[in-house]
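Colleague: Take a look at the following structure, please.
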There are 2 protein chains.
Amino acid sequence: MRRTTNVPRPELADARQRGYRNIGEASRLTGVTAKMIRHYEEIGLIPAAGRTFAGYRLYGEADLHRLRFIKRARSLGFSIEDIDTLLGLWGNPRRASRDVKRLAQAHVDALERKIQEMQAMQRTLQELAHRCHGDARPECPVLDDLAG
Amino acid sequence: MRRTTNVPRPELADARQRGYRNIGEASRLTGVTAKMIRHYEEIGLIPAAGRTFAGYRLYGEADLHRLRFIKRARSLGFSIEDIDTLLGLWGNPRRASRDVKRLAQAHVDALERKIQEMQAMQRTLQELAHRCHGDARPECPVLDDLAG
DNA sequence: GCTTGACCTTCCCACGATGGGAAGGAGCAT
DNA sequence: ATGCTCCTTCCCATCGTGGGAAGGTCAAGC
């Protein structure tokens with residue numbers, strides 16, 4: 001620990017004055033839980049945060065921006081891996097929009113496949129449920145179908 | 001180990017003749033991987049299989065039927081917990097079809113919610129992707145949206 | 001008989017994204 | 001000094017599935 005005694009009570013209030021946020025504030029401002037912020041740091045999705053001398057993480061505006069980007073991308077269903085790629089493209093001024101579009105379209109297609117799959121399940125099951133009397137008797141097309 | 005020397009080479013061929021299957025056959029016949037069959041046994045979704053003296057699991061027709069039921073239910077998106085309930089109802093001659101229908105309808109509704117959610121993602125993203133040139137230039141509405 | 005290859009056993013680890021909670025230190029207001 | 005809120009790390013759980021290692025078993029061919 002490179003902790004020196006001539007720096008007795010530094011940094012948190014200090015850092016705040018310079019516009020830095022601790023993890024709780026960062027969480028409130030971005031909608032990403034503190035838990036997930038730490039997790040994203042651990043897996044390398046965001047750079048390791050600066051720290052106060054006591055070890056508290058500090059976040060600047062750029063960090064908050066990155067967290068909001070991640071939050072938004074998650075809400076659109078992108079995987080962490082895709083988001084890592086998107087963050088790379090975002091930070092690269094020489095990126096080709098082609099690469100972004102390809103990734104986005106691939107995700108749209110994946111969503112389409114999952115939606116189709118779930119709709120097929122839903123249709124089948126809805127039809128079976130519709131044919132089920134839903135009373136005190138045991139007969140039931142749903143179970144009949146599952147039982148083959 | 002209650003293994004006795006006067007039972008030197010028993011049971012597997014024996015059991016097969018009586019119509020029992022080992023786990024590999026059961027897997028092939030039901031479409032459930034051996035891995036998952038063991039897992040289902042471990043979590044109590046299926047009863048512990050009989051064993052040969054050497055410890056190989058044995059499956060009869062009723063077991064295969066149960067595994068096919070599970071397979072079909074999984075393919076309709078039911079959770080293991082729901083399937084446990086469905087198996088209970090299936091095996092209960094005094095069940096009320098009302099209970100089955102309620103469970104099925106709840107699942108249909110859950111699917112509906114997920115589908116709606118994914119469609120919302122898909123619409124947003126498709127629209128953004130559509131507006132992206134997709135060429136060598138960096139400008140991209142997808143990234144613009146994510147960046148807020 | 002002995003070897004070989006396919007199969008079986010248990011055990012542990014991994015995914016993806018998230019949350020819960022414990023144990024202990026730090027910040028700050030009274 | 002006390003107490004409350006926040007922070008830290010660490011471990012565990014979810015859900016359903018797969019991978020793979022280490023070792024035993026079975027059946028067939030020589």
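Ligands are numbered from 1 in the order shown, chains are lettered A, B, ... in the order of the structure tokens, and residues start at 1 in each chain.
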If we count only C-alpha atoms (C1' of nucleotides), which residues of chain C reach to within 9 Å of chain B? Please list them as a PyMOL selection string.

Modeller: chain C and resi 7-9

Colleague: Keeping only N, CA and C atoms (P, O5', C5', C4', C3', O3' and C1' of nucleotides), write the selected residues to a file as a PDB file, in the first residue's frame.

Modeller:
ATOM      1  P    DC C   7     -21.210 -44.878 -28.723  1.00  0.00           P
ATOM      2  O5'  DC C   7     -21.439 -44.922 -27.147  1.00  0.00           O
ATOM      3  C5'  DC C   7     -22.072 -46.050 -26.593  1.00  0.00           C
ATOM      4  C4'  DC C   7     -21.700 -46.190 -25.141  1.00  0.00           C
ATOM      5  C3'  DC C   7     -22.169 -45.063 -24.241  1.00  0.00           C
ATOM      6  O3'  DC C   7     -23.456 -45.386 -23.720  1.00  0.00           O
ATOM      7  C1'  DC C   7     -20.085 -46.038 -23.571  1.00  0.00           C
ATOM      8  P    DC C   8     -24.270 -44.344 -22.876  1.00  0.00           P
ATOM      9  O5'  DC C   8     -23.662 -44.486 -21.405  1.00  0.00           O
ATOM     10  C5'  DC C   8     -24.017 -45.606 -20.610  1.00  0.00           C
ATOM     11  C4'  DC C   8     -23.127 -45.648 -19.384  1.00  0.00           C
ATOM     12  C3'  DC C   8     -23.257 -44.432 -18.470  1.00  0.00           C
ATOM     13  O3'  DC C   8     -24.280 -44.649 -17.516  1.00  0.00           O
ATOM     14  C1'  DC C   8     -20.976 -45.108 -18.741  1.00  0.00           C
ATOM     15  P    DT C   9     -24.678 -43.416 -16.563  1.00  0.00           P
ATOM     16  O5'  DT C   9     -23.397 -43.306 -15.600  1.00  0.00           O
ATOM     17  C5'  DT C   9     -23.260 -44.225 -14.514  1.00  0.00           C
ATOM     18  C4'  DT C   9     -22.038 -43.856 -13.711  1.00  0.00           C
ATOM     19  C3'  DT C   9     -22.076 -42.465 -13.109  1.00  0.00           C
ATOM     20  O3'  DT C   9     -22.794 -42.488 -11.908  1.00  0.00           O
ATOM     21  C1'  DT C   9     -19.929 -42.918 -14.047  1.00  0.00           C
TER      22       DT C   9
END

Colleague: Determine which residues of chain B sit within 7 Å of chain A, taking into account only C-alpha atoms, and present them as a PyMOL selection string.

Modeller: chain B and resi 69+72-73+76-77+90+93-98+101+104-105+108+111+115+118+121-122+125-126+129+132-140+143+146-147

Colleague: With N, CA and C atoms retained, could you export that selection as an mmCIF file, in the first residue's frame?

Modeller:
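File written: again_0.cif
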data_model
loop_
_atom_site.group_PDB
_atom_site.id
_atom_site.type_symbol
_atom_site.label_atom_id
_atom_site.label_comp_id
_atom_site.auth_asym_id
_atom_site.auth_seq_id
_atom_site.Cartn_x
_atom_site.Cartn_y
_atom_site.Cartn_z
ATOM 1 N N PHE B 69 -42.222 -35.828 -22.520
ATOM 2 C CA PHE B 69 -43.107 -34.779 -21.991
ATOM 3 C C PHE B 69 -42.281 -33.531 -21.656
ATOM 4 N N ARG B 72 -40.936 -31.819 -24.822
ATOM 5 C CA ARG B 72 -41.985 -31.055 -25.515
ATOM 6 C C ARG B 72 -42.313 -29.764 -24.744
ATOM 7 N N ALA B 73 -42.416 -29.876 -23.448
ATOM 8 C CA ALA B 73 -42.734 -28.701 -22.629
ATOM 9 C C ALA B 73 -41.623 -27.648 -22.719
ATOM 10 N N LEU B 76 -41.841 -25.677 -25.755
ATOM 11 C CA LEU B 76 -42.882 -24.645 -25.722
ATOM 12 C C LEU B 76 -42.491 -23.518 -24.764
ATOM 13 N N GLY B 77 -41.281 -23.611 -24.230
ATOM 14 C CA GLY B 77 -40.770 -22.507 -23.428
ATOM 15 C C GLY B 77 -41.089 -22.563 -21.947
ATOM 16 N N TRP B 90 -50.190 -33.925 -14.620
ATOM 17 C CA TRP B 90 -50.295 -35.033 -15.568
ATOM 18 C C TRP B 90 -50.511 -36.348 -14.825
ATOM 19 N N PRO B 93 -54.847 -38.034 -11.552
ATOM 20 C CA PRO B 93 -56.110 -38.265 -12.257
ATOM 21 C C PRO B 93 -57.250 -37.372 -11.739
ATOM 22 N N ARG B 94 -57.084 -36.802 -10.546
ATOM 23 C CA ARG B 94 -58.134 -35.919 -10.009
ATOM 24 C C ARG B 94 -57.808 -34.442 -10.225
ATOM 25 N N ARG B 95 -56.878 -34.178 -11.145
ATOM 26 C CA ARG B 95 -56.516 -32.782 -11.435
ATOM 27 C C ARG B 95 -57.715 -32.037 -12.012
ATOM 28 N N ALA B 96 -57.661 -30.712 -11.887
ATOM 29 C CA ALA B 96 -58.666 -29.871 -12.539
ATOM 30 C C ALA B 96 -58.002 -29.216 -13.741
ATOM 31 N N SER B 97 -58.635 -29.315 -14.898
ATOM 32 C CA SER B 97 -58.043 -28.737 -16.110
ATOM 33 C C SER B 97 -57.860 -27.224 -15.934
ATOM 34 N N ARG B 98 -58.618 -26.673 -15.015
ATOM 35 C CA ARG B 98 -58.495 -25.253 -14.685
ATOM 36 C C ARG B 98 -57.051 -24.899 -14.323
ATOM 37 N N LYS B 101 -54.840 -24.997 -17.382
ATOM 38 C CA LYS B 101 -55.132 -23.860 -18.258
ATOM 39 C C LYS B 101 -54.544 -22.570 -17.695
ATOM 40 N N ALA B 104 -50.839 -22.565 -18.300
ATOM 41 C CA ALA B 104 -50.558 -22.361 -19.728
ATOM 42 C C ALA B 104 -50.807 -20.905 -20.127
ATOM 43 N N GLN B 105 -51.923 -20.357 -19.660
ATOM 44 C CA GLN B 105 -52.251 -18.983 -20.033
ATOM 45 C C GLN B 105 -51.235 -17.991 -19.458
ATOM 46 N N VAL B 108 -48.399 -18.094 -21.779
ATOM 47 C CA VAL B 108 -48.738 -17.359 -23.003
ATOM 48 C C VAL B 108 -48.580 -15.857 -22.760
ATOM 49 N N LEU B 111 -44.944 -14.884 -22.516
ATOM 50 C CA LEU B 111 -44.370 -14.850 -23.863
ATOM 51 C C LEU B 111 -44.771 -13.558 -24.549
ATOM 52 N N ILE B 115 -42.265 -10.878 -26.108
ATOM 53 C CA ILE B 115 -42.332 -10.591 -27.538
ATOM 54 C C ILE B 115 -42.497 -9.090 -27.762
ATOM 55 N N MET B 118 -39.230 -7.336 -27.133
ATOM 56 C CA MET B 118 -38.249 -7.547 -28.186
ATOM 57 C C MET B 118 -38.653 -6.819 -29.467
ATOM 58 N N MET B 121 -37.605 -3.242 -29.142
ATOM 59 C CA MET B 121 -36.163 -3.122 -29.413
ATOM 60 C C MET B 121 -35.923 -3.178 -30.914
ATOM 61 N N GLN B 122 -36.533 -4.167 -31.510
ATOM 62 C CA GLN B 122 -36.312 -4.410 -32.932
ATOM 63 C C GLN B 122 -36.737 -3.219 -33.786
ATOM 64 N N LEU B 125 -34.285 -0.297 -33.323
ATOM 65 C CA LEU B 125 -32.979 -0.572 -33.897
ATOM 66 C C LEU B 125 -33.049 -0.668 -35.421
ATOM 67 N N GLN B 126 -34.128 -1.231 -35.904
ATOM 68 C CA GLN B 126 -34.271 -1.356 -37.349
ATOM 69 C C GLN B 126 -34.353 0.034 -37.988
ATOM 70 N N ALA B 129 -30.880 1.567 -37.880
ATOM 71 C CA ALA B 129 -30.004 0.910 -38.859
ATOM 72 C C ALA B 129 -30.384 1.364 -40.277
ATOM 73 N N CYS B 132 -28.845 4.493 -41.212
ATOM 74 C CA CYS B 132 -27.375 4.493 -41.256
ATOM 75 C C CYS B 132 -26.929 4.193 -42.678
ATOM 76 N N HIS B 133 -25.997 5.019 -43.174
ATOM 77 C CA HIS B 133 -25.539 4.857 -44.552
ATOM 78 C C HIS B 133 -24.904 3.493 -44.787
ATOM 79 N N GLY B 134 -24.147 3.051 -43.808
ATOM 80 C CA GLY B 134 -23.513 1.749 -43.972
ATOM 81 C C GLY B 134 -22.396 1.766 -44.984
ATOM 82 N N ASP B 135 -21.628 2.854 -44.989
ATOM 83 C CA ASP B 135 -20.489 2.930 -45.914
ATOM 84 C C ASP B 135 -19.203 3.171 -45.119
ATOM 85 N N ALA B 136 -18.230 3.783 -45.743
ATOM 86 C CA ALA B 136 -16.933 3.975 -45.092
ATOM 87 C C ALA B 136 -16.893 5.187 -44.168
ATOM 88 N N ARG B 137 -17.932 6.000 -44.222
ATOM 89 C CA ARG B 137 -17.936 7.206 -43.383
ATOM 90 C C ARG B 137 -18.303 6.870 -41.934
ATOM 91 N N PRO B 138 -17.852 7.678 -41.005
ATOM 92 C CA PRO B 138 -18.069 7.362 -39.586
ATOM 93 C C PRO B 138 -19.464 7.711 -39.062
ATOM 94 N N GLU B 139 -20.137 8.666 -39.672
ATOM 95 C CA GLU B 139 -21.426 9.120 -39.134
ATOM 96 C C GLU B 139 -22.417 7.963 -39.072
ATOM 97 N N CYS B 140 -23.112 7.873 -37.967
ATOM 98 C CA CYS B 140 -24.043 6.750 -37.810
ATOM 99 C C CYS B 140 -25.110 7.026 -36.757
ATOM 100 N N LEU B 143 -24.984 4.854 -33.435
ATOM 101 C CA LEU B 143 -24.087 5.338 -32.389
ATOM 102 C C LEU B 143 -24.593 6.648 -31.798
ATOM 103 N N LEU B 146 -27.174 5.764 -29.245
ATOM 104 C CA LEU B 146 -26.592 5.167 -28.044
ATOM 105 C C LEU B 146 -25.845 6.212 -27.220
ATOM 106 N N ALA B 147 -25.213 7.129 -27.902
ATOM 107 C CA ALA B 147 -24.437 8.148 -27.203
ATOM 108 C C ALA B 147 -25.345 9.224 -26.597
#

Colleague: At most 8 Å is the cut-off: for each residue in chain D with any atom that close to an atom of chain A, write down the nearest atom pair and the distance in Å rounded to one decimal, counting only C-alpha atoms (C1' of nucleotides), chain first then increasing number, as a Markdown table.

Modeller:
| residue | atom | partner | partner_atom | distance |
| --- | --- | --- | --- | --- |
| D:DC6 | C1' | A:Gly24 | CA | 7.9 |
| D:DC7 | C1' | A:Tyr56 | CA | 6.3 |
| D:DT8 | C1' | A:Gly55 | CA | 7.3 |

Colleague: Keeping only N, CA and C atoms (P, O5', C5', C4', C3', O3' and C1' of nucleotides), take the residues you just selected and write them out as a JSON list (two decimals), in the first residue's frame.

Modeller:
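Generated file (again.json):
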[["chain", "number", "residue", "atom", "x", "y", "z"],
["D", 6, "DC", "P", -26.97, 6.15, 1.25],
["D", 6, "DC", "O5'", -25.49, 5.75, 0.79],
["D", 6, "DC", "C5'", -24.55, 6.78, 0.56],
["D", 6, "DC", "C4'", -23.16, 6.20, 0.65],
["D", 6, "DC", "C3'", -22.86, 5.09, -0.35],
["D", 6, "DC", "O3'", -22.12, 5.65, -1.44],
["D", 6, "DC", "C1'", -21.87, 4.72, 1.80],
["D", 7, "DC", "P", -21.81, 4.78, -2.68],
["D", 7, "DC", "O5'", -20.46, 4.03, -2.25],
["D", 7, "DC", "C5'", -19.24, 4.76, -2.19],
["D", 7, "DC", "C4'", -18.16, 3.90, -1.54],
["D", 7, "DC", "C3'", -17.87, 2.59, -2.25],
["D", 7, "DC", "O3'", -16.91, 2.79, -3.26],
["D", 7, "DC", "C1'", -17.93, 2.31, 0.12],
["D", 8, "DT", "P", -16.56, 1.55, -4.20],
["D", 8, "DT", "O5'", -15.82, 0.51, -3.24],
["D", 8, "DT", "C5'", -14.46, 0.77, -2.85],
["D", 8, "DT", "C4'", -13.95, -0.37, -1.99],
["D", 8, "DT", "C3'", -14.02, -1.74, -2.64],
["D", 8, "DT", "O3'", -12.87, -1.93, -3.44],
["D", 8, "DT", "C1'", -14.79, -1.84, -0.39]]

Colleague: I'd like to know which residues of chain A are strand (DSSP E or B) (by DSSP, run on the backbone); could you write them as a ChimeraX atom specification?

Modeller: /A:21,50-51,57-59

Colleague: Among segment 18-101 of chain B, which ones does DSSP assign to helix (DSSP H, G or I) (computed from the backbone)? Answer as an MDAnalysis selection string.

Modeller: chainID B and resid 23:30 34:42 61:75 80:90 97:101

Colleague: Leaving out DA21 of chain D and any residue of its chain fewer than 5 positions from it, which residues lie within 12 Å of it when counting only C-alpha atoms (C1' of nucleotides), given as a PyMOL selection string?

Modeller: chain C and resi 10-13

Colleague: How many Å separate atom C1' of DG21 of chain C from atom CA of Glu41 of chain A?

Modeller: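 About the pair atom C1' of DG21 of chain C and atom CA of Glu41 of chain A: they are 20.8 Å apart.
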
Colleague: Which one is closest to Gln17 of chain B: B:Ala106, B:Arg51, B:Leu29, B:Gly60? Count only C-alpha atoms.

Modeller: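 Result for the nearest residue to Gln17 of chain B: B:Gly60.
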
Colleague: In terms of the shortest atom-to-atom distance over only C-alpha atoms (C1' of nucleotides), which of A:Ala13, A:Ile46, A:Ala34, A:Ile80 is closest to DC28 of chain C?

Modeller: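 Smallest separation from DC28 of chain C among the options: A:Ala13.
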
Colleague: Excluding DA22 of chain C and any residue of its chain fewer than 2 positions from it, enumerate the residues within 12 Å of it, using only C-alpha atoms (C1' of nucleotides), and give them as a list of chain:residue names.

Modeller: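 Listed by chain and then number, they are C:DG20, C:DG24, D:DT9, D:DC10, D:DC11, D:DC12.
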
Colleague: Extract, using only C-alpha atoms (C1' of nucleotides), all DNA, RNA and protein residues at most 12 Å from DT4 of chain C, discarding same-chain residues fewer than 3 positions from it, and format them as a list in words.

Modeller: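 The contact residues come out as DC26, DA27, DA28, DG29 and DC30 of chain D.
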